[in-house]
Structures are given as structure tokens and as C-alpha cells.
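One structure is given below, encoded as C-alpha cells.
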Amino acid sequence: MLKKGDIILVGIIVLGILMGFGWNRFNASNDTGNIAVIKQNDRVIKRINLDTINKPEKVEILGDYKEVVLVEKGRIRFEDADCPDKVCVKTGWLSNKGDIAVCLPNKAMIKIEGESERLDGVAY
Amino acid sequence: MIKKVMCLLVLSTLILTSCGYNKSAENTPVEKQEFHMGTIITEKVYGAQAQIAADEAMKRIKQIEDLMTINVPGSEIGRLNEEAGKNEVKLSEESIYVIETSKKFAELSDGSFDVTVGPLVKTWGIFTEHPRVPSKEEIKSLLSLVGYKDLSIDSKKLTAKLARPRQIADLGGIAKGYAGDAAIEVYKDYGINSAFINLGGNVVVLGGKPDGSPWKIGVQNPRAENGKYVGILSVKDKAVVSSGDYERYFEKDGVRYHHIIDPKTGYPSNSDLIGTTIVADKSIEADALSTATFILGLDKGMKLIESLDGVDAVFISKDKKVYVTKGLKDVFAFNDESGEYQYVEKR
């Protein structure tokens, strides 16, 4: 009943479906690396893949105030700032998806892209 | 037979791939962060029109800021203050609504939430770069200018007036709350069913998450770094707004002064609470009530919340106890990583 060619064709289609599934799943759980974004005045200053950092790096943010962002493997933080309240520095290290630190006076922020699995946000 | 099998396979391939495509598009939110209203605003919006909805909501917030700020001359509320003791001022419907709501909560809280605290907020300079501790005499003299009853509103003519010169209405404790509600209305206008917005700590959510589960909102630990929490609220279609002595403060001669001025004393509020979080349907209510209860303290604050329908609260006291109202028992999950807090389920 089934010709050899039909079986091959069916096989290819089935394979195609499975690959489609696989691709979707791969896309959904695209967990390769945490990407940190440094923004000021709603503009991206720098994007950094935190997993590929081998030596600590420093990024300066200028503006009304001067801030130093420290980047290490897997984590990032405001290390120093000359703004009045230093909330950004007090926020400490960011290392999980969705983590964010903000300097309001300098309109600067660092953020790790993606969504936190534990939490959608914090009321403060 | 073969043809049927083939047809089915081709069809199922199409369905599966299209499903997969739709799913990933709907599950990827449009995220946006901008600085407005003196704080950072974060949006996470899901749905086909998420991008335009998120953009328009930000514009809306900017509009509200322009109407209600008193930091830039020429705003509506700025004019209301300039004309204090002189003339009635014509205002937009939304400014009237916000002022009326602020008066309602001033009455409910017996003046603990009072937008006419403006002269004191200004003299402390807490939101400026040069905060200072005013003299006792100065505070005493400015206290005489505080009083929500001096703020008269004509909601038909859309006018308002402050009774005495030098009085200042400061909507800083309620305008962000209103802006949160307005953003949700914008999302709805674009057919959005699932969205999250955080206006400098005021969280408002539309619906649940795209998979139908509730949003998980942390309640800030008042004595830890930003983002550390004492528990998690699971909510849909709610506003979650916090007030606390940790949000903004300055130190002088070893004393810490926070930004929530008690309209009765003229000094930063010194109740037995260090943090309050209100869960309500409207964020304008939650915003006013978080400040009111923070100033009222645990007992009076708890009584006020329990007297209102559809409003709940998490209170954190100075002695590091966490209290919740009955309605939150199944909504709030105590989860204190610091191990310093004690959960009091029922008082």
C-alpha cells in the first residue's frame, strides 16, 4: 500500500514537526547568558554579556553626576557615584534576570534583561 | 488513505508551528523604562498592541505630570498655589478628581494624609539636592498653613481655591497613584488583557499574567537593599502601593530624616510603622492610604483599612513584625530572607 517514497516523505514531515517543536522550546528557554544593559536618559549606553566577562571592567556614566559601574563575571553594580543619595550604590550587585538598579538624579540605570522567575516586581 | 495521512500531517505541522509562533509572541512582553514624575517607571505589557499601548501610557503619565507637578512653574497645580488666598483657579477634570480624592482621604484619615502639607515639604527640601532641618519656629509657623479644609473645590465649575496666601497643595503623595490608574485605562483602550506597571514603587497590574496566573509582587524589606522583600503578594487587577521611611531620606548630625512629613507635627512621621503596603482596586486610593496609614501607625491604620471595602494592607512595625489584614491571608506569602522579621498572622 505505502510506497517507499511516501514513507520517506512522511518521515521527513514528522521530523520537520519534531524539529519545529524543538526550535520553539529552544527559543522559549533561551537561557544562554545574562545580558546587562546600561542606560541613561532612556538611551542604551552599553550592553554587556555578563557570562563572557573574564576580567572586571569599569564603565563610567557621565551627566549631572558621575557614576562608575563595575562589571564582573555574572554580575554588575553601581560601584561609586557622586549623586546625593547614592541609592544606586546601595542597591548592590545585580546577578539575576530582571534585577535593576537606578540612579534617579542622573537618570541612569542598569538592568539584567529578562524576567525574574520568582517575582514580577517589588512595591517600595 | 495516503493523501489523508499527508493532509493531516501537513495541517498539523501548520497548526503546531503557528501555535508555537503565536505563543512566543504573546509571551514576550513589551518592556519599557522611562524617567517621569521624579522617578523611574517600568512597564511590561503583553498582547498584539502592546508596543503602542506602552508608548501611549508613558505619554499619558507625562501629561499628568505636566498638569500636577509643582516643581516646574506654570502647571495647573502651580497656578492653584500662586493664586492661594486670592482667586479661584480653573482646573482640568482630572486635577479636580485628584484633589477631590485627596480631600476624601484627608477626611478619612483625620488629616494624616493632607496635600496642603506643601509648605513643610518645601522647607524640608527633601526632594531637592539640599535637604535641611528647619528650625522649630519655622515649622511652627508653617504648620499654621496646613489644613485640607482650606482647599475648596467646585466640581461643577471645575475650579478650586486655597483659602490663605502661602498655602501650597502638593499632590506628590497621590498623583503617581492617579497616573497608575490612568495607564491601566490606556492599556484597556488598546485591548490589552495583561500588563504590569511600576511607578517608582507603586505597582499596578491589569489582569493576571498571560498564562492566567497572578502577578507576584514583593513587599520591600524596609531595612535591606532595594529589591529585597519580606513577602510576596499574588494579585490580579490590583494596585500595590508602599510607603516607608526607607524610600527617601537624608542624614544630619547622625539623625535620619525621611520624606513623609506628618501634617500635624511638621516633622517626618514617627509612628510605630516603618513600612506600609496597600492592596486596592485603584492605585490612587492605595497611594493616599499607604501614606495615611504610615503616619497613623499600626492600630489606627489597621482600623482605617478594615473600615474600607476591598482594601487590604501589609504593615511592618519598628519592632520588625509583619501584620496583614484578613483579606490578604491567602494572598500574602511571608518570605523573609533576612530572618529578622516575625509574621503576625492575626492580631
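Following the order of the C-alpha cells, chains are lettered A, B, ..., residues in each are numbered from 1, and ligands are numbered from 1.
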Requested in this report: List every residue of region 41-290 of chain B that DSSP, applied to the backbone of this structure, places in strand (DSSP E or B), and write the result as a PyMOL selection string.
Outcome: chain B and resi 41-46+89-90+151-154+159-162+194-199+202-206+215-220+229-235+239-244+249-252+255-258+261+268+273-280
Output for the residues just chosen: C-alpha atoms as a compact mmCIF listing (two decimals), in the first residue's frame:
# COMPACT_ATOMS: atom_id res chain seq x y z
CA ILE B 41 8.55 53.98 35.50
CA THR B 42 8.70 50.39 34.32
CA GLU B 43 6.11 48.81 32.06
CA LYS B 44 5.62 45.21 30.98
CA VAL B 45 2.77 44.85 28.51
CA TYR B 46 1.52 41.73 26.71
CA VAL B 89 -8.45 78.67 39.54
CA LYS B 90 -9.97 76.80 36.62
CA LEU B 151 -8.90 73.74 49.89
CA SER B 152 -12.31 74.40 48.36
CA ILE B 153 -13.48 72.70 45.20
CA ASP B 154 -16.34 73.48 42.83
CA THR B 159 -12.47 75.39 39.95
CA ALA B 160 -10.54 75.17 43.18
CA LYS B 161 -9.04 77.63 45.61
CA LEU B 162 -6.71 77.68 48.58
CA SER B 194 -2.26 41.57 30.75
CA ALA B 195 0.05 44.36 31.87
CA PHE B 196 2.26 45.44 34.74
CA ILE B 197 3.41 48.95 35.59
CA ASN B 198 5.67 50.14 38.39
CA LEU B 199 5.77 53.87 39.04
CA ASN B 202 3.68 51.94 43.02
CA VAL B 203 2.76 48.71 41.25
CA VAL B 204 -0.47 48.38 39.28
CA VAL B 205 -1.42 45.25 37.32
CA LEU B 206 -4.06 44.62 34.69
CA TRP B 215 1.39 38.58 39.28
CA LYS B 216 3.92 38.15 42.05
CA ILE B 217 4.76 41.41 43.77
CA GLY B 218 7.39 41.60 46.51
CA VAL B 219 6.90 43.78 49.58
CA GLN B 220 10.14 45.69 50.18
CA TYR B 229 11.49 41.65 50.25
CA VAL B 230 9.74 40.31 53.34
CA GLY B 231 6.98 38.55 51.43
CA ILE B 232 5.19 38.15 48.15
CA LEU B 233 1.68 39.23 47.16
CA SER B 234 -0.06 37.26 44.39
CA VAL B 235 -2.56 39.58 42.71
CA ALA B 239 -2.74 48.21 42.80
CA VAL B 240 0.02 47.53 45.32
CA VAL B 241 1.49 50.71 46.79
CA SER B 242 4.03 51.08 49.59
CA SER B 243 5.17 53.92 51.79
CA GLY B 244 8.09 53.81 54.14
CA TYR B 249 15.80 60.22 53.44
CA PHE B 250 18.83 62.23 54.46
CA GLU B 251 21.06 62.21 57.48
CA LYS B 252 22.09 65.19 59.58
CA VAL B 255 19.84 61.56 62.73
CA ARG B 256 17.97 60.07 59.80
CA TYR B 257 15.13 62.20 58.39
CA HIS B 258 12.77 60.52 55.94
CA ILE B 261 6.07 64.67 56.78
CA PRO B 268 8.96 63.28 59.49
CA LEU B 273 5.45 51.68 61.45
CA ILE B 274 8.45 51.63 59.12
CA GLY B 275 6.61 50.36 56.07
CA THR B 276 3.04 50.09 54.82
CA THR B 277 1.77 48.39 51.68
CA ILE B 278 -1.80 48.82 50.49
CA VAL B 279 -3.58 46.46 48.10
CA ALA B 280 -6.63 48.04 46.44
Requested in this report: Write down as a ChimeraX atom specification the residues of region 17-123 of chain A whose backbone DSSP state falls under alpha helix (DSSP H).
Outcome: /A:17-28,87-90
Query raised in the report: What lies within 10 Å of Cys83 (chain A) using only C-alpha atoms, ignoring chain neighbours under 4 positions off, as an MDAnalysis selection string?
Result: (chainID A and resid 64:67 87:89 103:106) or (chainID B and resid 129)
Query raised in the report: Taking only C-alpha atoms into account, which residues of chain A are within 10 Å of chain B, as a PyMOL selection string?
Result: chain A and resi 1-3+6-7+9-10+13-14+16-18+20-21+23-25+27-28+39-43+83-85+87-93+99-105+107-109+113-115+117-124
Query raised in the report: Residues at most 9 Å from Ile35 (chain A), counting only C-alpha atoms, excluding those fewer than 6 positions away in the same chain, as an MDAnalysis selection string?
Result: chainID A and resid 47:51 97 111:114
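The gap separating CA of Ser283 (chain B) from CA of Gly177 (chain B) is 4.7 Å, in Å to one decimal.
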